[in-house]
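Structure below is my_file-v1.cif: mmCIF, C-alpha atoms (C1' of nucleotides).
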data_final
loop_
_atom_site.label_atom_id
_atom_site.label_comp_id
_atom_site.auth_asym_id
_atom_site.auth_seq_id
_atom_site.Cartn_x
_atom_site.Cartn_y
_atom_site.Cartn_z
CA MET A 1 12.87 87.81 330.64
CA GLY A 2 14.97 89.16 327.84
CA THR A 3 17.28 92.04 328.55
CA THR A 4 15.58 95.38 328.73
CA LYS A 5 17.90 98.06 327.36
CA ILE A 6 16.80 100.30 330.16
CA SER A 7 19.23 103.05 329.28
CA LEU A 8 17.08 104.05 326.36
CA TYR A 9 14.05 104.87 328.44
CA THR A 10 13.77 108.15 330.24
CA ALA A 11 13.96 108.35 334.00
CA GLU A 12 10.35 109.47 334.09
CA GLN A 13 9.24 106.49 332.04
CA ILE A 14 11.01 104.14 334.36
CA GLU A 15 9.74 105.80 337.48
CA MET A 16 6.18 105.87 336.21
CA SER A 17 6.23 102.25 335.15
CA SER A 18 7.51 101.14 338.51
CA LEU A 19 4.90 103.18 340.35
CA LEU A 20 2.17 101.77 338.17
CA LYS A 21 3.49 98.26 338.53
CA ALA A 22 3.17 98.66 342.27
CA ILE A 23 -0.56 99.28 341.82
CA ALA A 24 -1.37 97.13 338.83
CA HIS A 25 -2.98 94.31 340.76
CA PRO A 26 -6.49 94.01 342.20
CA ALA A 27 -5.16 93.40 345.70
CA ARG A 28 -2.90 96.44 345.53
CA ILE A 29 -5.74 98.62 344.29
CA ALA A 30 -7.94 97.28 347.05
CA ILE A 31 -5.26 98.04 349.62
CA LEU A 32 -4.83 101.53 348.22
CA GLU A 33 -8.54 102.21 348.31
CA TYR A 34 -8.86 100.79 351.80
CA LEU A 35 -6.04 102.94 353.13
CA ILE A 36 -7.75 105.97 351.67
CA LYS A 37 -11.18 105.01 352.89
CA VAL A 38 -10.18 104.34 356.48
CA ASP A 39 -9.39 107.93 357.07
CA ALA A 40 -6.84 107.31 359.74
CA CYS A 41 -4.12 105.17 358.28
CA ILE A 42 -5.10 101.97 359.95
CA CYS A 43 -2.64 99.16 359.98
CA GLY A 44 -3.01 95.43 360.13
CA ASP A 45 -6.69 94.82 359.71
CA ILE A 46 -6.14 95.14 356.01
CA VAL A 47 -5.74 91.42 356.26
CA ASN A 48 -9.34 91.08 357.41
CA GLU A 49 -10.55 93.16 354.53
CA LEU A 50 -8.87 91.21 351.80
CA PRO A 51 -9.19 87.63 350.61
CA LEU A 52 -5.51 87.11 351.25
CA ALA A 53 -3.35 85.58 353.92
CA GLN A 54 -1.33 87.74 356.23
CA PRO A 55 2.06 87.06 354.62
CA THR A 56 0.65 87.92 351.23
CA VAL A 57 -0.74 91.23 352.40
CA SER A 58 2.55 91.94 354.10
CA GLN A 59 4.36 91.31 350.84
CA HIS A 60 2.05 93.61 348.90
CA LEU A 61 2.54 96.33 351.48
CA LYS A 62 6.28 95.87 351.26
CA GLU A 63 6.26 96.23 347.49
CA MET A 64 4.04 99.26 347.59
CA LYS A 65 6.25 100.81 350.20
CA ASN A 66 9.32 100.02 348.12
CA ALA A 67 7.77 101.73 345.14
CA GLY A 68 7.06 104.68 347.37
CA ILE A 69 3.33 104.74 347.02
CA ILE A 70 2.68 104.14 350.69
CA LYS A 71 4.53 104.96 353.85
CA GLY A 72 4.74 102.91 357.02
CA ASN A 73 5.02 104.03 360.58
CA VAL A 74 5.78 101.75 363.47
CA GLU A 75 3.49 102.30 366.44
CA GLY A 76 4.24 99.76 369.08
CA THR A 77 3.13 96.37 367.90
CA ALA A 78 1.08 97.80 365.11
CA ILE A 79 2.34 99.41 361.95
CA CYS A 80 0.51 102.30 360.45
CA TYR A 81 0.49 102.44 356.70
CA CYS A 82 -0.81 105.31 354.68
CA VAL A 83 -0.81 106.51 351.12
CA ASP A 84 1.79 109.04 350.06
CA LYS A 85 -0.22 111.97 348.76
CA VAL A 86 2.66 113.40 346.83
CA VAL A 87 3.33 110.27 344.85
CA VAL A 88 -0.32 109.76 344.01
CA ALA A 89 -0.47 113.37 342.94
CA ARG A 90 2.43 112.75 340.60
CA ILE A 91 0.66 109.84 338.97
CA GLN A 92 -2.49 111.88 338.73
CA SER A 93 -0.79 114.76 337.01
CA TYR A 94 0.99 112.43 334.64
CA PHE A 95 -2.34 111.11 333.40
CA SER A 96 -3.87 114.55 333.39
CA ALA A 97 -1.11 115.75 331.11
CA ILE A 98 -1.59 112.84 328.76
CA SER A 99 -5.32 113.24 328.76
CA LEU A 100 -4.96 116.93 328.00
CA LYS A 101 -2.68 116.26 325.06
CA LEU A 102 -5.13 113.74 323.70
CA ASP A 103 -8.06 116.09 324.03
CA ARG A 104 -6.27 118.85 322.20
CA LYS A 105 -6.24 116.81 319.04
CA THR A 106 -9.08 117.65 316.72
CA ASP A 107 -9.92 114.03 316.24
CA ASP A 108 -8.20 110.72 316.06
CA SER A 109 -6.49 110.83 312.71
CA CYS A 110 -7.23 107.24 311.90
CA CYS A 111 -8.86 105.26 314.68
CA MET B 1 1.06 82.13 341.18
CA GLY B 2 -1.28 81.33 344.01
CA THR B 3 -4.97 81.56 343.40
CA THR B 4 -6.38 85.05 343.39
CA LYS B 5 -9.88 84.97 344.83
CA ILE B 6 -10.92 87.43 342.19
CA SER B 7 -14.58 87.34 343.14
CA LEU B 8 -13.86 89.46 346.16
CA TYR B 9 -12.54 92.41 344.25
CA THR B 10 -14.87 94.89 342.65
CA ALA B 11 -15.22 95.10 338.89
CA GLU B 12 -13.65 98.53 338.96
CA GLN B 13 -10.65 97.29 340.87
CA ILE B 14 -10.12 94.52 338.40
CA GLU B 15 -10.59 96.76 335.39
CA MET B 16 -8.25 99.38 336.76
CA SER B 17 -5.57 96.89 337.61
CA SER B 18 -5.66 95.37 334.17
CA LEU B 19 -5.48 98.76 332.51
CA LEU B 20 -2.57 99.76 334.67
CA LYS B 21 -0.84 96.46 334.10
CA ALA B 22 -1.01 97.16 330.39
CA ILE B 23 1.02 100.32 330.96
CA ALA B 24 3.23 99.35 333.85
CA HIS B 25 6.37 98.80 331.81
CA PRO B 26 8.90 101.28 330.44
CA ALA B 27 8.38 100.09 326.88
CA ARG B 28 4.60 100.39 327.17
CA ILE B 29 4.89 103.89 328.58
CA ALA B 30 7.30 104.80 325.81
CA ILE B 31 4.87 103.44 323.21
CA LEU B 32 2.02 105.35 324.79
CA GLU B 33 3.97 108.59 324.82
CA TYR B 34 5.15 108.08 321.28
CA LEU B 35 1.64 107.46 320.00
CA ILE B 36 0.55 110.66 321.67
CA LYS B 37 3.52 112.67 320.47
CA VAL B 38 3.25 111.67 316.83
CA ASP B 39 0.04 113.51 316.40
CA ALA B 40 -1.27 111.31 313.64
CA CYS B 41 -1.43 107.80 314.93
CA ILE B 42 1.58 106.49 313.12
CA CYS B 43 2.02 102.79 312.87
CA GLY B 44 5.07 100.62 312.56
CA ASP B 45 7.98 102.95 313.00
CA ILE B 46 7.46 102.55 316.71
CA VAL B 47 9.95 99.78 316.24
CA ASN B 48 12.58 102.30 315.15
CA GLU B 49 11.89 104.44 318.17
CA LEU B 50 12.31 101.74 320.74
CA PRO B 51 15.24 99.56 321.75
CA LEU B 52 13.17 96.48 321.01
CA ALA B 53 12.81 94.00 318.20
CA GLN B 54 9.77 94.02 315.98
CA PRO B 55 8.10 90.96 317.49
CA THR B 56 8.48 92.41 320.94
CA VAL B 57 6.90 95.71 319.98
CA SER B 58 4.15 93.81 318.24
CA GLN B 59 3.49 91.86 321.42
CA HIS B 60 3.35 95.01 323.52
CA LEU B 61 0.93 96.57 321.09
CA LYS B 62 -1.22 93.47 321.20
CA GLU B 63 -1.38 93.52 324.98
CA MET B 64 -2.17 97.20 325.11
CA LYS B 65 -4.85 96.72 322.52
CA ASN B 66 -6.26 93.80 324.48
CA ALA B 67 -6.43 95.91 327.58
CA GLY B 68 -8.23 98.53 325.54
CA ILE B 69 -5.77 101.33 325.97
CA ILE B 70 -4.98 101.62 322.30
CA LYS B 71 -6.93 100.96 319.13
CA GLY B 72 -5.61 99.61 315.86
CA ASN B 73 -6.71 100.36 312.36
CA VAL B 74 -5.60 98.39 309.35
CA GLU B 75 -4.52 100.60 306.46
CA GLY B 76 -3.19 98.45 303.71
CA THR B 77 0.08 96.91 304.76
CA ALA B 78 0.47 99.30 307.62
CA ILE B 79 -1.50 99.32 310.84
CA CYS B 80 -2.39 102.53 312.51
CA TYR B 81 -2.40 102.45 316.27
CA CYS B 82 -3.63 105.20 318.46
CA VAL B 83 -4.44 105.82 322.08
CA ASP B 84 -8.02 105.48 323.21
CA LYS B 85 -8.84 108.86 324.71
CA VAL B 86 -11.78 107.55 326.67
CA VAL B 87 -9.84 104.87 328.43
CA VAL B 88 -7.01 107.22 329.34
CA ALA B 89 -9.59 109.66 330.62
CA ARG B 90 -11.00 106.95 332.84
CA ILE B 91 -7.61 106.27 334.34
CA GLN B 92 -7.04 109.96 334.77
CA SER B 93 -10.28 110.50 336.62
CA TYR B 94 -9.65 107.51 338.81
CA PHE B 95 -6.45 109.05 340.05
CA SER B 96 -8.00 112.48 340.28
CA ALA B 97 -10.67 111.09 342.56
CA ILE B 98 -8.11 109.40 344.75
CA SER B 99 -5.94 112.46 344.87
CA LEU B 100 -8.90 114.58 345.82
CA LYS B 101 -9.84 112.29 348.67
CA LEU B 102 -6.30 112.39 349.95
CA ASP B 103 -6.16 116.15 349.81
CA ARG B 104 -9.36 116.52 351.74
CA LYS B 105 -7.77 114.97 354.78
CA THR B 106 -6.52 117.53 357.24
CA ASP B 107 -3.25 115.74 357.56
CA ASP B 108 -1.91 112.26 357.50
CA SER B 109 -3.00 110.89 360.82
CA CYS B 110 0.21 109.03 361.43
CA CYS B 111 2.72 109.08 358.59
"C1'" DT C 1 2.39 85.15 289.54
"C1'" DC C 2 6.52 86.71 292.36
"C1'" DG C 3 8.75 89.75 295.39
"C1'" DT C 4 8.72 92.90 298.96
"C1'" DA C 5 7.19 95.46 303.00
"C1'" DA C 6 4.61 95.52 307.33
"C1'" DT C 7 2.94 93.15 310.91
"C1'" DA C 8 1.59 88.92 313.53
"C1'" DT C 9 2.35 84.45 315.57
"C1'" DT C 10 4.91 80.61 317.49
"C1'" DG C 11 8.01 78.59 320.49
"C1'" DC C 12 11.20 78.97 323.75
"C1'" DA C 13 14.49 80.64 327.51
"C1'" DA C 14 15.12 83.74 331.28
"C1'" DT C 15 13.13 86.01 334.79
"C1'" DA C 16 9.47 88.09 337.67
"C1'" DT C 17 5.26 87.83 340.26
"C1'" DT C 18 1.91 85.93 343.31
"C1'" DG C 19 0.45 83.35 347.16
"C1'" DC C 20 0.99 80.85 351.19
"C1'" DA C 21 2.71 77.65 355.10
"C1'" DA C 22 6.01 77.78 358.30
"C1'" DT C 23 8.79 80.36 360.92
"C1'" DA C 24 11.01 84.43 362.81
"C1'" DT C 25 10.95 88.80 365.03
"C1'" DA C 26 9.52 92.57 367.94
"C1'" DG C 27 6.66 94.83 371.23
"C1'" DT C 28 3.75 94.67 375.20
"C1'" DA C 29 1.59 92.93 379.23
"C1'" DA C 30 1.32 89.95 383.10
"C1'" DT D 1 10.46 85.37 382.18
"C1'" DT D 2 6.30 83.72 379.59
"C1'" DA D 3 2.54 84.44 376.71
"C1'" DC D 4 0.39 86.89 373.37
"C1'" DT D 5 -0.27 89.94 369.42
"C1'" DA D 6 1.20 92.09 365.16
"C1'" DT D 7 4.00 92.00 361.44
"C1'" DA D 8 7.98 90.36 358.63
"C1'" DT D 9 10.79 86.94 356.34
"C1'" DT D 10 11.93 82.61 354.15
"C1'" DG D 11 11.32 79.11 350.98
"C1'" DC D 12 8.86 77.18 347.68
"C1'" DA D 13 5.35 76.00 343.89
"C1'" DA D 14 2.51 77.78 340.28
"C1'" DT D 15 2.07 80.97 336.96
"C1'" DA D 16 2.86 85.21 334.28
"C1'" DT D 17 5.78 88.32 331.78
"C1'" DT D 18 9.34 89.73 328.72
"C1'" DG D 19 12.14 89.33 324.77
"C1'" DC D 20 13.54 87.47 320.59
"C1'" DA D 21 14.69 84.27 316.46
"C1'" DA D 22 12.30 82.05 313.19
"C1'" DT D 23 8.46 81.83 310.67
"C1'" DA D 24 3.84 83.00 308.99
"C1'" DT D 25 0.58 86.13 307.17
"C1'" DT D 26 -1.26 89.89 304.64
"C1'" DA D 27 -1.43 93.55 301.29
"C1'" DC D 28 0.50 95.75 297.59
"C1'" DG D 29 3.09 96.53 293.21
"C1'" DA D 30 5.36 94.86 289.14
#

As structure tokens, how would this structure be written, given the file I've shared?
Amino acid sequence: MGTTKISLYTAEQIEMSSLLKAIAHPARIAILEYLIKVDACICGDIVNELPLAQPTVSQHLKEMKNAGIIKGNVEGTAICYCVDKVVVARIQSYFSAISLKLDRKTDDSCC
Amino acid sequence: MGTTKISLYTAEQIEMSSLLKAIAHPARIAILEYLIKVDACICGDIVNELPLAQPTVSQHLKEMKNAGIIKGNVEGTAICYCVDKVVVARIQSYFSAISLKLDRKTDDSCC
DNA sequence: TCGTAATATTGCAATATTGCAATATAGTAA
DNA sequence: TTACTATATTGCAATATTGCAATATTACGA
């Protein structure tokens, strides 16, 4: 990759992009949705739900945890992962703000 | 990359992930925000706003247009890009729905 | 027509991502 | 301790992404 002159992006832009990158994959979305669906934050059977091998799921979980979108809790042999409400809320409000700004415009000036 | 058994993800999951992928980069976010800020959907001076060369910006715009997040309109020599409200709204409501589900839970069962 | 401005495309190097087999680690139970 | 279960890590191949220089294209004006 070429060199990204990161210093010229705002902290928010960088944070947002890294959060989104952590979700921008079908498997990650599926994991996210599964963690939300299975009310209790169930752990390892994510592997059974997804068409992916255990190491791959583990990697995805690691990345998502790194990005901060999920949290992990060791419980004996199992590990309990769950979605971080606060972070999801931040993403949600980011898009709400954008959407609001877009809606305020009378109409698309050219497109 | 290994083979993603795409067939096992839902259409929504795939669509969402590809939309998010089109934004999950500081430059893409910056472009998005700029297009929203400059009320009229101004065209090529995005290049002057970003720390990126013209071909690179052009590529980003192409990808974002491919993903459907922005629209382009030829106006003589210039091209007028603007954000697609509808698509952004879809992303927004996706995260709203998730956020809502998360909030409905009494508390995080383990984390 | 020629020149210029705005944008796109091509081709390539550098790097990142994805996926998995094999292996390692850690906890728990007998 | 041994065996088992759950998860993580390593190492690697395949592919995707990012960025840009060079070049092409397209539209306009003189």

Item to check | Residue nearest DA21 (chain C) among A:Leu19, A:Pro55, A:Leu8, A:Glu33 (counting all atoms listed in the file) | outcome: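 Nearest to DA21 (chain C): A:Pro55.
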
Fit chain B to chain A, all Cα atoms paired in order, least squares. Then write it as a PDB file with C-alpha atoms, in the coordinates of the input.
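Writing the result to part_36.pdb gives the following:
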ATOM      1  CA  MET B   1      12.804  87.750 330.656  1.00  0.00           C
ATOM      2  CA  GLY B   2      14.888  89.123 327.846  1.00  0.00           C
ATOM      3  CA  THR B   3      17.177  92.003 328.558  1.00  0.00           C
ATOM      4  CA  THR B   4      15.501  95.365 328.787  1.00  0.00           C
ATOM      5  CA  LYS B   5      17.848  98.008 327.432  1.00  0.00           C
ATOM      6  CA  ILE B   6      16.759 100.272 330.223  1.00  0.00           C
ATOM      7  CA  SER B   7      19.231 103.001 329.360  1.00  0.00           C
ATOM      8  CA  LEU B   8      17.097 104.026 326.440  1.00  0.00           C
ATOM      9  CA  TYR B   9      14.059 104.888 328.470  1.00  0.00           C
ATOM     10  CA  THR B  10      13.786 108.185 330.256  1.00  0.00           C
ATOM     11  CA  ALA B  11      13.948 108.385 334.030  1.00  0.00           C
ATOM     12  CA  GLU B  12      10.340 109.482 334.103  1.00  0.00           C
ATOM     13  CA  GLN B  13       9.233 106.520 332.056  1.00  0.00           C
ATOM     14  CA  ILE B  14      11.012 104.159 334.362  1.00  0.00           C
ATOM     15  CA  GLU B  15       9.718 105.831 337.497  1.00  0.00           C
ATOM     16  CA  MET B  16       6.174 105.887 336.211  1.00  0.00           C
ATOM     17  CA  SER B  17       6.240 102.280 335.164  1.00  0.00           C
ATOM     18  CA  SER B  18       7.517 101.158 338.520  1.00  0.00           C
ATOM     19  CA  LEU B  19       4.901 103.177 340.353  1.00  0.00           C
ATOM     20  CA  LEU B  20       2.172 101.777 338.178  1.00  0.00           C
ATOM     21  CA  LYS B  21       3.507  98.269 338.529  1.00  0.00           C
ATOM     22  CA  ALA B  22       3.183  98.661 342.274  1.00  0.00           C
ATOM     23  CA  ILE B  23      -0.541  99.263 341.822  1.00  0.00           C
ATOM     24  CA  ALA B  24      -1.348  97.123 338.832  1.00  0.00           C
ATOM     25  CA  HIS B  25      -2.971  94.300 340.762  1.00  0.00           C
ATOM     26  CA  PRO B  26      -6.472  93.974 342.198  1.00  0.00           C
ATOM     27  CA  ALA B  27      -5.154  93.386 345.702  1.00  0.00           C
ATOM     28  CA  ARG B  28      -2.878  96.428 345.522  1.00  0.00           C
ATOM     29  CA  ILE B  29      -5.722  98.601 344.292  1.00  0.00           C
ATOM     30  CA  ALA B  30      -7.936  97.252 347.046  1.00  0.00           C
ATOM     31  CA  ILE B  31      -5.247  98.031 349.630  1.00  0.00           C
ATOM     32  CA  LEU B  32      -4.823 101.511 348.224  1.00  0.00           C
ATOM     33  CA  GLU B  33      -8.541 102.197 348.317  1.00  0.00           C
ATOM     34  CA  TYR B  34      -8.859 100.787 351.795  1.00  0.00           C
ATOM     35  CA  LEU B  35      -6.038 102.934 353.127  1.00  0.00           C
ATOM     36  CA  ILE B  36      -7.748 105.956 351.656  1.00  0.00           C
ATOM     37  CA  LYS B  37     -11.194 104.999 352.887  1.00  0.00           C
ATOM     38  CA  VAL B  38     -10.181 104.344 356.475  1.00  0.00           C
ATOM     39  CA  ASP B  39      -9.419 107.940 357.080  1.00  0.00           C
ATOM     40  CA  ALA B  40      -6.840 107.317 359.751  1.00  0.00           C
ATOM     41  CA  CYS B  41      -4.138 105.184 358.282  1.00  0.00           C
ATOM     42  CA  ILE B  42      -5.112 101.969 359.945  1.00  0.00           C
ATOM     43  CA  CYS B  43      -2.630  99.180 359.988  1.00  0.00           C
ATOM     44  CA  GLY B  44      -3.021  95.446 360.107  1.00  0.00           C
ATOM     45  CA  ASP B  45      -6.704  94.833 359.720  1.00  0.00           C
ATOM     46  CA  ILE B  46      -6.147  95.157 356.008  1.00  0.00           C
ATOM     47  CA  VAL B  47      -5.714  91.437 356.269  1.00  0.00           C
ATOM     48  CA  ASN B  48      -9.318  91.077 357.426  1.00  0.00           C
ATOM     49  CA  GLU B  49     -10.532  93.170 354.541  1.00  0.00           C
ATOM     50  CA  LEU B  50      -8.851  91.208 351.822  1.00  0.00           C
ATOM     51  CA  PRO B  51      -9.186  87.628 350.626  1.00  0.00           C
ATOM     52  CA  LEU B  52      -5.492  87.100 351.253  1.00  0.00           C
ATOM     53  CA  ALA B  53      -3.332  85.579 353.936  1.00  0.00           C
ATOM     54  CA  GLN B  54      -1.280  87.748 356.228  1.00  0.00           C
ATOM     55  CA  PRO B  55       2.082  87.054 354.599  1.00  0.00           C
ATOM     56  CA  THR B  56       0.665  87.914 351.223  1.00  0.00           C
ATOM     57  CA  VAL B  57      -0.734  91.227 352.395  1.00  0.00           C
ATOM     58  CA  SER B  58       2.551  91.934 354.099  1.00  0.00           C
ATOM     59  CA  GLN B  59       4.374  91.309 350.837  1.00  0.00           C
ATOM     60  CA  HIS B  60       2.061  93.609 348.911  1.00  0.00           C
ATOM     61  CA  LEU B  61       2.555  96.321 351.479  1.00  0.00           C
ATOM     62  CA  LYS B  62       6.297  95.885 351.258  1.00  0.00           C
ATOM     63  CA  GLU B  63       6.278  96.241 347.491  1.00  0.00           C
ATOM     64  CA  MET B  64       4.045  99.273 347.576  1.00  0.00           C
ATOM     65  CA  LYS B  65       6.242 100.821 350.202  1.00  0.00           C
ATOM     66  CA  ASN B  66       9.316 100.050 348.125  1.00  0.00           C
ATOM     67  CA  ALA B  67       7.778 101.739 345.147  1.00  0.00           C
ATOM     68  CA  GLY B  68       7.059 104.709 347.366  1.00  0.00           C
ATOM     69  CA  ILE B  69       3.323 104.743 347.025  1.00  0.00           C
ATOM     70  CA  ILE B  70       2.667 104.148 350.684  1.00  0.00           C
ATOM     71  CA  LYS B  71       4.528 105.000 353.862  1.00  0.00           C
ATOM     72  CA  GLY B  72       4.739 102.945 357.022  1.00  0.00           C
ATOM     73  CA  ASN B  73       4.989 104.076 360.583  1.00  0.00           C
ATOM     74  CA  VAL B  74       5.797 101.782 363.456  1.00  0.00           C
ATOM     75  CA  GLU B  75       3.495 102.281 366.432  1.00  0.00           C
ATOM     76  CA  GLY B  76       4.286  99.716 369.031  1.00  0.00           C
ATOM     77  CA  THR B  77       3.245  96.308 367.820  1.00  0.00           C
ATOM     78  CA  ALA B  78       1.132  97.750 365.082  1.00  0.00           C
ATOM     79  CA  ILE B  79       2.348  99.409 361.917  1.00  0.00           C
ATOM     80  CA  CYS B  80       0.498 102.288 360.442  1.00  0.00           C
ATOM     81  CA  TYR B  81       0.476 102.443 356.684  1.00  0.00           C
ATOM     82  CA  CYS B  82      -0.817 105.300 354.674  1.00  0.00           C
ATOM     83  CA  VAL B  83      -0.828 106.510 351.113  1.00  0.00           C
ATOM     84  CA  ASP B  84       1.774 109.024 350.055  1.00  0.00           C
ATOM     85  CA  LYS B  85      -0.246 111.953 348.757  1.00  0.00           C
ATOM     86  CA  VAL B  86       2.638 113.391 346.803  1.00  0.00           C
ATOM     87  CA  VAL B  87       3.315 110.261 344.857  1.00  0.00           C
ATOM     88  CA  VAL B  88      -0.341 109.747 344.003  1.00  0.00           C
ATOM     89  CA  ALA B  89      -0.485 113.360 342.918  1.00  0.00           C
ATOM     90  CA  ARG B  90       2.425 112.741 340.593  1.00  0.00           C
ATOM     91  CA  ILE B  91       0.651 109.835 338.976  1.00  0.00           C
ATOM     92  CA  GLN B  92      -2.497 111.872 338.728  1.00  0.00           C
ATOM     93  CA  SER B  93      -0.796 114.753 336.990  1.00  0.00           C
ATOM     94  CA  TYR B  94       0.972 112.421 334.629  1.00  0.00           C
ATOM     95  CA  PHE B  95      -2.331 111.112 333.394  1.00  0.00           C
ATOM     96  CA  SER B  96      -3.875 114.552 333.385  1.00  0.00           C
ATOM     97  CA  ALA B  97      -1.118 115.753 331.101  1.00  0.00           C
ATOM     98  CA  ILE B  98      -1.602 112.837 328.762  1.00  0.00           C
ATOM     99  CA  SER B  99      -5.333 113.244 328.751  1.00  0.00           C
ATOM    100  CA  LEU B 100      -4.978 116.911 327.987  1.00  0.00           C
ATOM    101  CA  LYS B 101      -2.708 116.253 325.044  1.00  0.00           C
ATOM    102  CA  LEU B 102      -5.160 113.739 323.684  1.00  0.00           C
ATOM    103  CA  ASP B 103      -8.063 116.113 324.020  1.00  0.00           C
ATOM    104  CA  ARG B 104      -6.263 118.855 322.192  1.00  0.00           C
ATOM    105  CA  LYS B 105      -6.229 116.804 319.036  1.00  0.00           C
ATOM    106  CA  THR B 106      -9.030 117.693 316.685  1.00  0.00           C
ATOM    107  CA  ASP B 107      -9.867 114.080 316.190  1.00  0.00           C
ATOM    108  CA  ASP B 108      -8.150 110.773 316.032  1.00  0.00           C
ATOM    109  CA  SER B 109      -6.480 110.860 312.672  1.00  0.00           C
ATOM    110  CA  CYS B 110      -7.231 107.261 311.886  1.00  0.00           C
ATOM    111  CA  CYS B 111      -8.867 105.264 314.662  1.00  0.00           C
TER     112      CYS B 111
END

Checklist entry - Can you list, as a list in words, the residues that the PyMOL selection byres ((chain D and resi 9-11) around 8) selects here? => result DT23 and DA24 of chain C; DA8 and DC12 of chain D

Serialized selection, C-alpha atoms (C1' of nucleotides), as an mmCIF file, keeping the file's coordinate frame:
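Resulting contents of selection.cif:
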data_model
loop_
_atom_site.group_PDB
_atom_site.id
_atom_site.type_symbol
_atom_site.label_atom_id
_atom_site.label_comp_id
_atom_site.auth_asym_id
_atom_site.auth_seq_id
_atom_site.Cartn_x
_atom_site.Cartn_y
_atom_site.Cartn_z
ATOM 1 C "C1'" DT C 23 8.790 80.360 360.920
ATOM 2 C "C1'" DA C 24 11.010 84.430 362.810
ATOM 3 C "C1'" DA D 8 7.980 90.360 358.630
ATOM 4 C "C1'" DC D 12 8.860 77.180 347.680
#

Item to check | Distance filter 8 Å, all atoms listed in the file, chain B against chain A, as a VMD selection string | outcome: chain B and resid 5 to 6 8 to 9 13 to 14 16 to 21 23 to 27 29 to 30 36 39 to 41 50 to 51 71 to 73 80 to 82 85 88 to 89 91 to 92 95 to 96 98 to 99 101 to 103 105 108 to 111

With a cut-off of 9 Å, could you pull out the residues of chain C touching chain B and give me the nearest pair of atoms for each, distance in Å to one decimal, using only C-alpha atoms (C1' of nucleotides), ordered by chain and ascending number, as a Markdown table?
| residue | atom | partner | partner_atom | distance |
| --- | --- | --- | --- | --- |
| C:DA5 | C1' | B:Thr77 | CA | 7.5 |
| C:DA6 | C1' | B:Thr77 | CA | 5.4 |
| C:DT7 | C1' | B:Ala78 | CA | 7.4 |
| C:DA8 | C1' | B:Ser58 | CA | 7.3 |
| C:DT9 | C1' | B:Pro55 | CA | 8.9 |
| C:DT17 | C1' | B:Met1 | CA | 7.1 |
| C:DT18 | C1' | B:Met1 | CA | 4.4 |
| C:DG19 | C1' | B:Gly2 | CA | 4.1 |
| C:DC20 | C1' | B:Gly2 | CA | 7.5 |

Box along x, y and z, 8 Å on every side, all listed atoms of region 21-29 of chain B inside: centre and edge lengths in Å to one decimal, as lines of an AutoDock Vina configuration file.
center_x = 3.9
center_y = 100.2
center_z = 330.5
size_x = 25.9
size_y = 23.4
size_z = 23.2

Checklist entry - Which of these, A:Arg104, A:Met64, A:Val57, A:Ile69, has the shortest distance to chain D once you count all atoms listed in the file? => result A:Val57

Item to check | Interatomic distance, CA of His60 (chain B) to C1' of DT18 (chain D) (Å, one decimal) | outcome: 9.5 Å

Next on the checklist: Would you mind listing, as a PyMOL selection string, all residues of chain D that have at least one atom within 8 Å of chain B, where only C-alpha atoms (C1' of nucleotides) are what counts?
Outcome noted: chain D and resi 13-16+19-20+26-28

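C1' of DA6 (chain D) lies 16.6 Å from C1' of DA22 (chain C).
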
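Between CA of Asn66 (chain A) and C1' of DT7 (chain D) the interatomic distance comes to 16.4 Å.
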
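Under the PyMOL selection byres ((chain C and resi 1) around 12), the matching residues in the shown file are C:DC2, C:DG3, D:DG29, D:DA30.
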
Pull C-alpha atoms (C1' of nucleotides) from the residues just selected and write them as a PDB file, keeping the file's coordinate frame.
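So the final result, stored in out-v8.pdb, reads:
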ATOM      1  C1'  DC C   2       6.520  86.710 292.360  1.00  0.00           C
ATOM      2  C1'  DG C   3       8.750  89.750 295.390  1.00  0.00           C
TER       3       DG C   3
ATOM      4  C1'  DG D  29       3.090  96.530 293.210  1.00  0.00           C
ATOM      5  C1'  DA D  30       5.360  94.860 289.140  1.00  0.00           C
TER       6       DA D  30
END
